[in-house]
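To keep things clear, I will list the structure first and then write my remarks on it.
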Amino acid sequence: MKAYCSQVSRSIGDAYLKKTEFNREPLLPKFRLSEPFQKPIIVAEPSTLVQKLHPEDQFLIFASDGLWEHLNNQEAVNIVNSCPRNGIARKLVKAALKEAAKKREMRYSDLKKIDRGVRRHFHDDITVIVLFLDSNLISHSSFRGPILSIKGGISGDANI
């Protein structure tokens with residue numbers, strides 16, 4: 001079983017760090033940067049990995065970096081493999097929150113009681129989607145062309 005990751009949530013939120021025109025009211029003063037900037041401080045372009053799927057691949061985990069700060073690829077794969085499909089994304093979020101609580105030397109139940117606005121100081125946002133694959137569709141695919149990445153580059157023959 002292979003685990004493939006994509007950090008797609010980088011394109012969402014934190015607009016004030018991407019475009020200077022958002023670095024003003026109504027943004028709270030504590031978030032505003034005192035110095036104007038010419039280039040984005042963070043980019044909205046997600047980190048992506050293009051990988052050919054194989055019949056033995058069972059699922060893909062799409063998650064924000066909040067998950068990966070607390071779980072590594074293999075830990076996430078182990079959770080998905082050992083739990084029922086229904087509610088699996090929620091189980092991954094809970095596992096990450098338990099790790100975040102442990103790092104702060106607190107109980108998970110105490111972390112959950114903290115108001116979400118304040119809790120931001122304890123862990124990053126966590127968003128997870130688990131996509132289960134049908135191996136019959138992968139192995140019988142009629143498409144035999146080159147694999148294209150989201151940027152339009154061709155994997156395989158091209159030396160990028």
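Just remember, in the structure tokens the first chain shown is A, the second B, etc., residues are 1-based per chain, and ligands are 1-based in the order shown.
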Each segment 67-95 of chain A residue no farther than 9 Å from segment 45-62 of chain A, nearest pair in Å, only C-alpha atoms, as JSON lines:
```
{"residue": "A:Ala76", "atom": "CA", "partner": "A:Ile61", "partner_atom": "CA", "distance": 8.2}
{"residue": "A:Val77", "atom": "CA", "partner": "A:Ile61", "partner_atom": "CA", "distance": 8.4}
{"residue": "A:Val80", "atom": "CA", "partner": "A:Phe59", "partner_atom": "CA", "distance": 8.6}
{"residue": "A:Ala89", "atom": "CA", "partner": "A:Ile61", "partner_atom": "CA", "distance": 8.7}
```
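All residues in segment 1-76 of chain A with a DSSP state of alpha helix (DSSP H), computed from the backbone, read Asp65, Gly66, Leu67, Trp68, Asn73, Gln74, Glu75 and Ala76 of chain A.
Residues surrounding segment 26-31 of chain A within 10 Å are Asp14, Tyr16 and Leu17 of chain A [only C-alpha atoms; sequence separation below 5 positions excluded].
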Checklist entry - What's the 10 Å shell around Leu71 of chain A, counting only C-alpha atoms, without same-chain residues fewer than 3 positions away, as a PyMOL selection string? => result chain A and resi 65-68+74-77+92-93+95-97+99-100
